[in-house]
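Raw final_10.json, JSON, C-alpha atoms:
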[["chain", "number", "residue", "atom", "x", "y", "z"],
["L", 729, "MET", "CA", 4.30, 25.44, -6.41],
["L", 730, "ARG", "CA", 5.36, 22.83, -3.82],
["L", 731, "VAL", "CA", 2.48, 23.83, -1.61],
["L", 732, "PHE", "CA", 0.08, 23.27, -4.51],
["L", 733, "TYR", "CA", 1.38, 19.74, -5.12],
["L", 734, "LEU", "CA", 1.28, 18.96, -1.41],
["L", 735, "LEU", "CA", -2.29, 20.17, -1.13],
["L", 736, "MET", "CA", -3.33, 18.18, -4.21],
["L", 737, "THR", "CA", -1.71, 15.03, -2.83],
["L", 738, "MET", "CA", -3.42, 15.47, 0.51],
["L", 739, "CYS", "CA", -6.78, 16.04, -1.20],
["L", 740, "ILE", "CA", -6.39, 12.92, -3.33],
["L", 741, "PHE", "CA", -5.47, 10.71, -0.39],
["L", 742, "SER", "CA", -8.16, 12.14, 1.87],
["L", 743, "SER", "CA", -10.85, 11.67, -0.79],
["L", 744, "CYS", "CA", -9.77, 8.07, -1.31],
["L", 745, "LYS", "CA", -9.88, 7.52, 2.43],
["L", 746, "SER", "CA", -13.38, 8.96, 2.75],
["L", 747, "GLN", "CA", -14.68, 6.71, -0.01],
["L", 748, "ASN", "CA", -13.11, 3.52, 1.29],
["L", 749, "GLY", "CA", -12.76, 4.21, 4.99],
["L", 750, "PRO", "CA", -13.73, 1.45, 7.37],
["L", 751, "SER", "CA", -16.10, 1.77, 10.24],
["L", 752, "ALA", "CA", -14.58, 1.84, 13.69],
["L", 753, "ASN", "CA", -15.97, -1.59, 14.49],
["L", 754, "LYS", "CA", -13.12, -3.75, 15.83],
["L", 755, "GLU", "CA", -14.96, -6.93, 14.80],
["L", 756, "GLU", "CA", -14.33, -6.05, 11.16],
["L", 757, "SER", "CA", -10.56, -6.42, 11.57],
["L", 758, "LEU", "CA", -8.79, -8.98, 9.45],
["L", 759, "ASN", "CA", -8.34, -12.25, 11.31],
["L", 760, "GLU", "CA", -7.35, -15.80, 10.50],
["L", 761, "SER", "CA", -10.78, -16.75, 9.12],
["L", 762, "GLN", "CA", -10.68, -13.82, 6.70],
["L", 763, "ASN", "CA", -7.22, -14.56, 5.29],
["L", 764, "LYS", "CA", -8.62, -16.31, 2.28],
["L", 765, "ASN", "CA", -10.80, -13.27, 1.55],
["L", 766, "VAL", "CA", -7.93, -10.84, 0.86],
["L", 767, "LYS", "CA", -8.41, -9.99, -2.81],
["L", 768, "GLU", "CA", -5.51, -7.61, -3.34],
["L", 769, "VAL", "CA", -3.03, -5.30, -1.65],
["L", 770, "ARG", "CA", -2.18, -1.90, -3.16],
["L", 771, "TYR", "CA", 0.78, 0.35, -2.46],
["L", 772, "GLN", "CA", 0.58, 3.83, -3.96],
["L", 773, "ARG", "CA", 3.31, 6.49, -4.14],
["L", 774, "GLN", "CA", 2.83, 10.13, -5.05],
["L", 775, "ALA", "CA", 5.57, 12.73, -5.51],
["L", 776, "ARG", "CA", 6.17, 15.81, -7.61],
["L", 777, "SER", "CA", 8.31, 13.76, -9.94],
["L", 778, "GLY", "CA", 5.54, 11.22, -10.59],
["L", 779, "SER", "CA", 3.50, 8.46, -9.08],
["L", 780, "SER", "CA", 3.33, 4.69, -9.03],
["L", 781, "LEU", "CA", 0.84, 2.04, -8.07],
["L", 782, "LEU", "CA", 1.72, -1.53, -7.09],
["L", 783, "VAL", "CA", -1.21, -3.95, -7.12],
["L", 784, "PHE", "CA", -0.53, -7.37, -5.61],
["L", 785, "GLY", "CA", -3.08, -10.08, -6.39],
["L", 786, "PRO", "CA", -3.09, -13.81, -5.66],
["L", 787, "LYS", "CA", -0.84, -14.64, -8.62],
["L", 788, "GLN", "CA", 0.59, -11.44, -10.02],
["L", 789, "LEU", "CA", 2.03, -8.01, -9.38],
["L", 790, "THR", "CA", 1.02, -5.11, -11.60],
["L", 791, "ILE", "CA", 3.24, -2.03, -11.52],
["L", 792, "SER", "CA", 1.91, 1.20, -13.04],
["L", 793, "TYR", "CA", 4.07, 4.29, -13.28],
["L", 794, "ALA", "CA", 2.74, 7.67, -14.39],
["L", 795, "ASN", "CA", 3.32, 8.18, -18.13],
["L", 796, "LYS", "CA", 4.85, 4.72, -18.58],
["L", 797, "LYS", "CA", 3.66, 1.31, -19.64],
["L", 798, "THR", "CA", 2.09, -0.96, -17.03],
["L", 799, "GLN", "CA", 4.12, -4.06, -16.25],
["L", 800, "THR", "CA", 2.79, -7.36, -14.90],
["L", 801, "TYR", "CA", 4.81, -10.06, -13.17],
["L", 802, "THR", "CA", 3.76, -13.44, -11.87],
["L", 803, "TYR", "CA", 5.04, -14.87, -8.63],
["L", 804, "PRO", "CA", 4.69, -18.15, -6.69],
["L", 805, "GLN", "CA", 1.78, -18.86, -4.38],
["L", 806, "GLN", "CA", 4.12, -18.79, -1.38],
["L", 807, "GLU", "CA", 4.77, -15.07, -1.96],
["L", 808, "TRP", "CA", 1.03, -14.36, -1.93],
["L", 809, "ASP", "CA", 0.68, -16.47, 1.23],
["L", 810, "SER", "CA", 3.40, -14.37, 2.83],
["L", 811, "ILE", "CA", 1.62, -11.13, 1.87],
["L", 812, "VAL", "CA", -1.66, -12.44, 3.31],
["L", 813, "TYR", "CA", 0.12, -13.53, 6.49],
["L", 814, "PHE", "CA", 1.53, -10.04, 7.08],
["L", 815, "ALA", "CA", -1.85, -8.49, 6.22],
["L", 816, "SER", "CA", -3.54, -10.73, 8.80],
["L", 817, "LYS", "CA", -1.40, -9.17, 11.53],
["L", 818, "ILE", "CA", -2.83, -5.69, 10.83],
["L", 819, "ASP", "CA", -5.86, -4.28, 12.61],
["L", 820, "LEU", "CA", -7.68, -2.85, 9.62],
["L", 821, "ALA", "CA", -9.93, -0.60, 11.68],
["L", 822, "GLU", "CA", -6.83, 1.13, 13.05],
["L", 823, "MET", "CA", -5.12, 1.70, 9.67],
["L", 824, "PRO", "CA", -6.57, 5.16, 8.90],
["L", 825, "GLY", "CA", -5.37, 6.53, 12.23],
["L", 826, "LEU", "CA", -1.79, 5.23, 12.16],
["L", 827, "LYS", "CA", 0.83, 7.91, 12.78],
["L", 828, "ALA", "CA", 3.68, 8.17, 10.31],
["L", 829, "PRO", "CA", 7.12, 8.04, 11.99],
["L", 830, "THR", "CA", 8.58, 10.71, 9.67],
["L", 831, "GLN", "CA", 7.21, 13.79, 7.90],
["L", 832, "GLN", "CA", 9.59, 14.19, 4.94],
["L", 833, "ARG", "CA", 6.71, 14.09, 2.44],
["L", 834, "THR", "CA", 5.52, 17.48, 3.71],
["L", 835, "TYR", "CA", 8.53, 19.25, 2.18],
["L", 836, "ASP", "CA", 9.24, 16.99, -0.82],
["L", 837, "GLY", "CA", 11.86, 15.01, 1.10],
["L", 838, "ALA", "CA", 10.09, 11.75, 0.28],
["L", 839, "ALA", "CA", 7.16, 10.54, -1.77],
["L", 840, "ALA", "CA", 3.83, 10.22, 0.01],
["L", 841, "ALA", "CA", 2.69, 6.60, 0.22],
["L", 842, "GLN", "CA", -0.49, 4.78, 1.18],
["L", 843, "LEU", "CA", -1.27, 1.10, 1.73],
["L", 844, "THR", "CA", -4.68, -0.35, 0.85],
["L", 845, "ILE", "CA", -5.86, -3.86, 1.67],
["L", 846, "VAL", "CA", -8.94, -5.14, -0.17],
["L", 847, "VAL", "CA", -10.89, -7.77, 1.76],
["L", 848, "GLU", "CA", -13.86, -9.18, -0.13],
["L", 849, "GLN", "CA", -15.57, -6.01, -1.45],
["L", 850, "LYS", "CA", -14.15, -3.51, 1.05],
["L", 851, "ALA", "CA", -10.94, -1.48, 0.78],
["L", 852, "TRP", "CA", -9.08, -0.48, 3.96],
["L", 853, "SER", "CA", -6.58, 2.37, 3.46],
["L", 854, "SER", "CA", -3.83, 3.55, 5.76],
["L", 855, "SER", "CA", -3.00, 7.11, 6.58],
["L", 856, "THR", "CA", -0.38, 8.74, 4.36],
["L", 857, "PHE", "CA", 3.26, 8.12, 5.26],
["L", 858, "ASP", "CA", 6.73, 8.61, 3.77],
["L", 859, "ASP", "CA", 7.61, 6.05, 1.11],
["L", 860, "GLY", "CA", 9.76, 3.37, 2.72],
["L", 861, "TYR", "CA", 9.07, 4.61, 6.27],
["L", 862, "PRO", "CA", 5.67, 3.17, 7.21],
["L", 863, "PRO", "CA", 4.06, 3.16, 10.66],
["L", 864, "ASP", "CA", 5.22, 0.22, 12.79],
["L", 865, "ASP", "CA", 1.88, -1.61, 12.55],
["L", 866, "ILE", "CA", 2.14, -2.04, 8.78],
["L", 867, "SER", "CA", 5.92, -2.03, 8.35],
["L", 868, "GLU", "CA", 6.35, -5.79, 7.84],
["L", 869, "LEU", "CA", 3.82, -5.85, 5.01],
["L", 870, "VAL", "CA", 5.14, -2.67, 3.36],
["L", 871, "HIS", "CA", 8.74, -3.89, 3.45],
["L", 872, "LYS", "CA", 7.64, -7.24, 1.97],
["L", 873, "LEU", "CA", 5.84, -5.45, -0.88],
["L", 874, "LEU", "CA", 8.79, -3.15, -1.58],
["L", 875, "SER", "CA", 11.26, -6.05, -1.57],
["L", 876, "LEU", "CA", 9.08, -7.95, -4.09],
["L", 877, "GLU", "CA", 8.95, -4.87, -6.32],
["L", 878, "GLU", "CA", 12.72, -4.49, -6.12],
["L", 879, "ASP", "CA", 13.28, -8.17, -6.97],
["L", 880, "PHE", "CA", 11.04, -8.00, -10.03],
["L", 881, "LEU", "CA", 12.56, -4.78, -11.33],
["L", 882, "LYS", "CA", 16.08, -6.06, -10.78],
["L", 883, "ASN", "CA", 15.41, -9.36, -12.57],
["L", 884, "ARG", "CA", 13.41, -8.14, -15.55]]
What's the C-alpha coordinates form of this structure?
Amino acid sequence: MRVFYLLMTMCIFSSCKSQNGPSANKEESLNESQNKNVKEVRYQRQARSGSSLLVFGPKQLTISYANKKTQTYTYPQQEWDSIVYFASKIDLAEMPGLKAPTQQRTYDGAAAAQLTIVVEQKAWSSSTFDDGYPPDDISELVHKLLSLEEDFLKNR
(Lines of atoms letter the chains of each structure in order from A and count residues from 1; the text may use other names and numbers.)
(Lines give C-alpha, C1' and ligand atoms only; values in the text may rest on other atoms or scores of the structure.)
Protein backbone atom coordinates (compact mmCIF):
# COMPACT_ATOMS: atom_id res chain seq x y z
CA MET A 1 0.00 0.00 0.00
CA ARG A 2 2.86 2.40 0.79
CA VAL A 3 4.38 1.74 -2.59
CA PHE A 4 1.06 2.66 -4.23
CA TYR A 5 0.89 6.00 -2.41
CA LEU A 6 4.53 6.72 -3.20
CA LEU A 7 4.01 5.98 -6.88
CA MET A 8 0.87 8.13 -6.98
CA THR A 9 2.68 11.03 -5.33
CA MET A 10 5.57 10.76 -7.75
CA CYS A 11 3.18 10.65 -10.71
CA ILE A 12 1.31 13.73 -9.50
CA PHE A 13 4.47 15.76 -8.96
CA SER A 14 6.06 14.65 -12.23
CA SER A 15 2.92 15.50 -14.21
CA CYS A 16 2.79 18.94 -12.61
CA LYS A 17 6.44 19.44 -13.45
CA SER A 18 5.96 18.45 -17.09
CA GLN A 19 3.09 20.89 -17.49
CA ASN A 20 4.83 23.84 -15.86
CA GLY A 21 8.48 23.04 -16.38
CA PRO A 22 10.72 25.87 -17.50
CA SER A 23 13.02 25.81 -20.45
CA ALA A 24 16.71 25.49 -19.71
CA ASN A 25 17.34 29.05 -20.82
CA LYS A 26 19.33 30.81 -18.08
CA GLU A 27 18.09 34.22 -19.25
CA GLU A 28 14.62 33.32 -17.97
CA SER A 29 15.83 33.20 -14.36
CA LEU A 30 14.23 35.55 -11.88
CA ASN A 31 16.29 38.70 -11.44
CA GLU A 32 15.85 42.11 -9.88
CA SER A 33 13.83 43.51 -12.79
CA GLN A 34 11.36 40.63 -12.54
CA ASN A 35 10.74 40.95 -8.79
CA LYS A 36 7.58 42.91 -9.30
CA ASN A 37 6.28 40.18 -11.63
CA VAL A 38 6.10 37.42 -8.99
CA LYS A 39 2.38 36.70 -8.78
CA GLU A 40 2.37 33.97 -6.14
CA VAL A 41 4.43 31.34 -4.38
CA ARG A 42 3.00 27.89 -3.65
CA TYR A 43 4.20 25.27 -1.20
CA GLN A 44 2.54 21.86 -1.50
CA ARG A 45 2.82 18.87 0.86
CA GLN A 46 1.67 15.34 0.14
CA ALA A 47 1.69 12.42 2.58
CA ARG A 48 -0.37 9.32 3.24
CA SER A 49 -2.11 11.12 6.06
CA GLY A 50 -3.21 14.01 3.82
CA SER A 51 -2.05 16.98 1.85
CA SER A 52 -1.87 20.73 2.14
CA LEU A 53 -1.34 23.67 -0.16
CA LEU A 54 -0.05 27.08 0.92
CA VAL A 55 -0.59 29.86 -1.62
CA PHE A 56 1.18 33.13 -0.87
CA GLY A 57 0.01 36.16 -2.84
CA PRO A 58 0.87 39.85 -2.55
CA LYS A 59 -1.51 40.43 0.36
CA GLN A 60 -2.71 37.10 1.65
CA LEU A 61 -1.94 33.51 2.50
CA THR A 62 -4.44 30.79 1.64
CA ILE A 63 -4.04 27.46 3.40
CA SER A 64 -5.93 24.45 2.04
CA TYR A 65 -5.85 21.11 3.81
CA ALA A 66 -7.36 17.95 2.35
CA ASN A 67 -10.91 17.42 3.64
CA LYS A 68 -10.88 20.67 5.64
CA LYS A 69 -12.02 24.22 5.13
CA THR A 70 -9.71 26.63 3.33
CA GLN A 71 -8.39 29.44 5.50
CA THR A 72 -7.20 32.85 4.33
CA TYR A 73 -4.98 35.24 6.25
CA THR A 74 -3.78 38.71 5.36
CA TYR A 75 -0.28 39.91 6.09
CA PRO A 76 1.68 43.17 5.74
CA GLN A 77 3.36 44.21 2.51
CA GLN A 78 6.78 43.79 4.14
CA GLU A 79 6.18 40.04 4.43
CA TRP A 80 5.40 39.80 0.72
CA ASP A 81 8.51 41.90 -0.04
CA SER A 82 10.55 39.44 2.01
CA ILE A 83 9.10 36.47 0.08
CA VAL A 84 9.88 38.17 -3.24
CA TYR A 85 13.41 38.97 -2.05
CA PHE A 86 14.13 35.31 -1.24
CA ALA A 87 12.52 34.22 -4.52
CA SER A 88 14.78 36.62 -6.44
CA LYS A 89 17.83 34.76 -5.13
CA ILE A 90 16.69 31.50 -6.80
CA ASP A 91 17.74 30.46 -10.29
CA LEU A 92 14.37 29.32 -11.58
CA ALA A 93 15.81 27.34 -14.48
CA GLU A 94 17.73 25.21 -11.98
CA MET A 95 14.76 24.48 -9.67
CA PRO A 96 13.55 21.24 -11.33
CA GLY A 97 17.00 19.68 -11.04
CA LEU A 98 17.74 20.51 -7.40
CA LYS A 99 18.77 17.51 -5.31
CA ALA A 100 16.94 16.93 -2.05
CA PRO A 101 19.31 16.59 0.93
CA THR A 102 17.24 13.79 2.52
CA GLN A 103 15.08 10.95 1.19
CA GLN A 104 12.67 10.29 4.08
CA ARG A 105 9.64 10.79 1.83
CA THR A 106 10.48 7.57 -0.01
CA TYR A 107 9.55 5.45 3.03
CA ASP A 108 6.86 7.65 4.62
CA GLY A 109 9.36 9.25 7.00
CA ALA A 110 8.33 12.72 5.85
CA ALA A 111 5.77 14.33 3.60
CA ALA A 112 6.83 15.04 0.03
CA ALA A 113 6.95 18.77 -0.69
CA GLN A 114 7.30 20.97 -3.75
CA LEU A 115 7.84 24.71 -4.18
CA THR A 116 6.32 26.60 -7.11
CA ILE A 117 7.02 30.23 -8.01
CA VAL A 118 4.64 31.92 -10.45
CA VAL A 119 6.23 34.74 -12.43
CA GLU A 120 3.82 36.55 -14.74
CA GLN A 121 2.04 33.65 -16.50
CA LYS A 122 4.67 30.95 -15.95
CA ALA A 123 5.00 28.52 -13.03
CA TRP A 124 8.44 27.24 -12.02
CA SER A 125 8.36 24.11 -9.85
CA SER A 126 11.13 22.55 -7.81
CA SER A 127 11.95 18.89 -7.61
CA THR A 128 10.26 16.98 -4.80
CA PHE A 129 11.93 17.12 -1.38
CA ASP A 130 11.17 16.21 2.23
CA ASP A 131 8.87 18.68 3.97
CA GLY A 132 11.01 21.04 6.03
CA TYR A 133 14.28 19.83 4.45
CA PRO A 134 14.55 21.68 1.13
CA PRO A 135 17.58 21.84 -1.15
CA ASP A 136 20.03 24.58 -0.13
CA ASP A 137 19.18 26.82 -3.10
CA ILE A 138 15.57 27.27 -1.99
CA SER A 139 15.93 26.79 1.77
CA GLU A 140 15.69 30.47 2.75
CA LEU A 141 12.40 30.90 0.91
CA VAL A 142 10.93 27.61 2.15
CA HIS A 143 11.82 28.36 5.77
CA LYS A 144 10.29 31.84 5.43
CA LEU A 145 7.05 30.35 4.08
CA LEU A 146 6.89 27.70 6.80
CA SER A 147 7.53 30.26 9.54
CA LEU A 148 4.70 32.46 8.20
CA GLU A 149 2.36 29.45 8.18
CA GLU A 150 3.33 28.59 11.74
CA ASP A 151 2.78 32.18 12.91
CA PHE A 152 -0.69 32.35 11.37
CA LEU A 153 -1.78 28.98 12.73
CA LYS A 154 -0.45 29.79 16.18
CA ASN A 155 -2.20 33.18 16.31
CA ARG A 156 -5.59 32.28 14.86
Do you know which residues are at most 12 Å from range 870-879 of chain L counting only C-alpha atoms, after dropping those on the same chain fewer than 4 positions away, and could you put them as a VMD selection string?
-> chain L and resid 768 to 773 780 to 785 788 to 792 799 to 804 807 to 815 818 841 to 845 854 857 to 866 883 to 884
Please write the residues from the selection above to a file, keeping C-alpha atoms, as a JSON list (two decimals), in the frame of the given file.
[["chain", "number", "residue", "atom", "x", "y", "z"],
["L", 768, "GLU", "CA", -5.51, -7.61, -3.34],
["L", 769, "VAL", "CA", -3.03, -5.30, -1.65],
["L", 770, "ARG", "CA", -2.18, -1.90, -3.16],
["L", 771, "TYR", "CA", 0.78, 0.35, -2.46],
["L", 772, "GLN", "CA", 0.58, 3.83, -3.96],
["L", 773, "ARG", "CA", 3.31, 6.49, -4.14],
["L", 780, "SER", "CA", 3.33, 4.69, -9.03],
["L", 781, "LEU", "CA", 0.84, 2.04, -8.07],
["L", 782, "LEU", "CA", 1.72, -1.53, -7.09],
["L", 783, "VAL", "CA", -1.21, -3.95, -7.12],
["L", 784, "PHE", "CA", -0.53, -7.37, -5.61],
["L", 785, "GLY", "CA", -3.08, -10.08, -6.39],
["L", 788, "GLN", "CA", 0.59, -11.44, -10.02],
["L", 789, "LEU", "CA", 2.03, -8.01, -9.38],
["L", 790, "THR", "CA", 1.02, -5.11, -11.60],
["L", 791, "ILE", "CA", 3.24, -2.03, -11.52],
["L", 792, "SER", "CA", 1.91, 1.20, -13.04],
["L", 799, "GLN", "CA", 4.12, -4.06, -16.25],
["L", 800, "THR", "CA", 2.79, -7.36, -14.90],
["L", 801, "TYR", "CA", 4.81, -10.06, -13.17],
["L", 802, "THR", "CA", 3.76, -13.44, -11.87],
["L", 803, "TYR", "CA", 5.04, -14.87, -8.63],
["L", 804, "PRO", "CA", 4.69, -18.15, -6.69],
["L", 807, "GLU", "CA", 4.77, -15.07, -1.96],
["L", 808, "TRP", "CA", 1.03, -14.36, -1.93],
["L", 809, "ASP", "CA", 0.68, -16.47, 1.23],
["L", 810, "SER", "CA", 3.40, -14.37, 2.83],
["L", 811, "ILE", "CA", 1.62, -11.13, 1.87],
["L", 812, "VAL", "CA", -1.66, -12.44, 3.31],
["L", 813, "TYR", "CA", 0.12, -13.53, 6.49],
["L", 814, "PHE", "CA", 1.53, -10.04, 7.08],
["L", 815, "ALA", "CA", -1.85, -8.49, 6.22],
["L", 818, "ILE", "CA", -2.83, -5.69, 10.83],
["L", 841, "ALA", "CA", 2.69, 6.60, 0.22],
["L", 842, "GLN", "CA", -0.49, 4.78, 1.18],
["L", 843, "LEU", "CA", -1.27, 1.10, 1.73],
["L", 844, "THR", "CA", -4.68, -0.35, 0.85],
["L", 845, "ILE", "CA", -5.86, -3.86, 1.67],
["L", 854, "SER", "CA", -3.83, 3.55, 5.76],
["L", 857, "PHE", "CA", 3.26, 8.12, 5.26],
["L", 858, "ASP", "CA", 6.73, 8.61, 3.77],
["L", 859, "ASP", "CA", 7.61, 6.05, 1.11],
["L", 860, "GLY", "CA", 9.76, 3.37, 2.72],
["L", 861, "TYR", "CA", 9.07, 4.61, 6.27],
["L", 862, "PRO", "CA", 5.67, 3.17, 7.21],
["L", 863, "PRO", "CA", 4.06, 3.16, 10.66],
["L", 864, "ASP", "CA", 5.22, 0.22, 12.79],
["L", 865, "ASP", "CA", 1.88, -1.61, 12.55],
["L", 866, "ILE", "CA", 2.14, -2.04, 8.78],
["L", 883, "ASN", "CA", 15.41, -9.36, -12.57],
["L", 884, "ARG", "CA", 13.41, -8.14, -15.55]]
Quote the spacing between CA of Ala821 in chain L and CA of Val846 in chain L in Å to one decimal place.
->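 If I compute the distance from CA of Ala821 in chain L to CA of Val846 in chain L, I get 12.7 Å.
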Around range 829-837 of chain L, with edges along x, y and z and 6 Å added on all six sides, what centre and edge lengths do you get, in Å to one decimal, as JSON?
{"center_x": 8.7, "center_y": 13.6, "center_z": 5.6, "size_x": 18.3, "size_y": 23.2, "size_z": 24.8}
Mind pulling up the distance from CA of Ala838 in chain L to CA of Ala794 in chain L?
->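 So the answer is 16.9 Å.
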By how many Å are CA of Ser779 in chain L and CA of Thr856 in chain L apart?
-> 14.0 Å
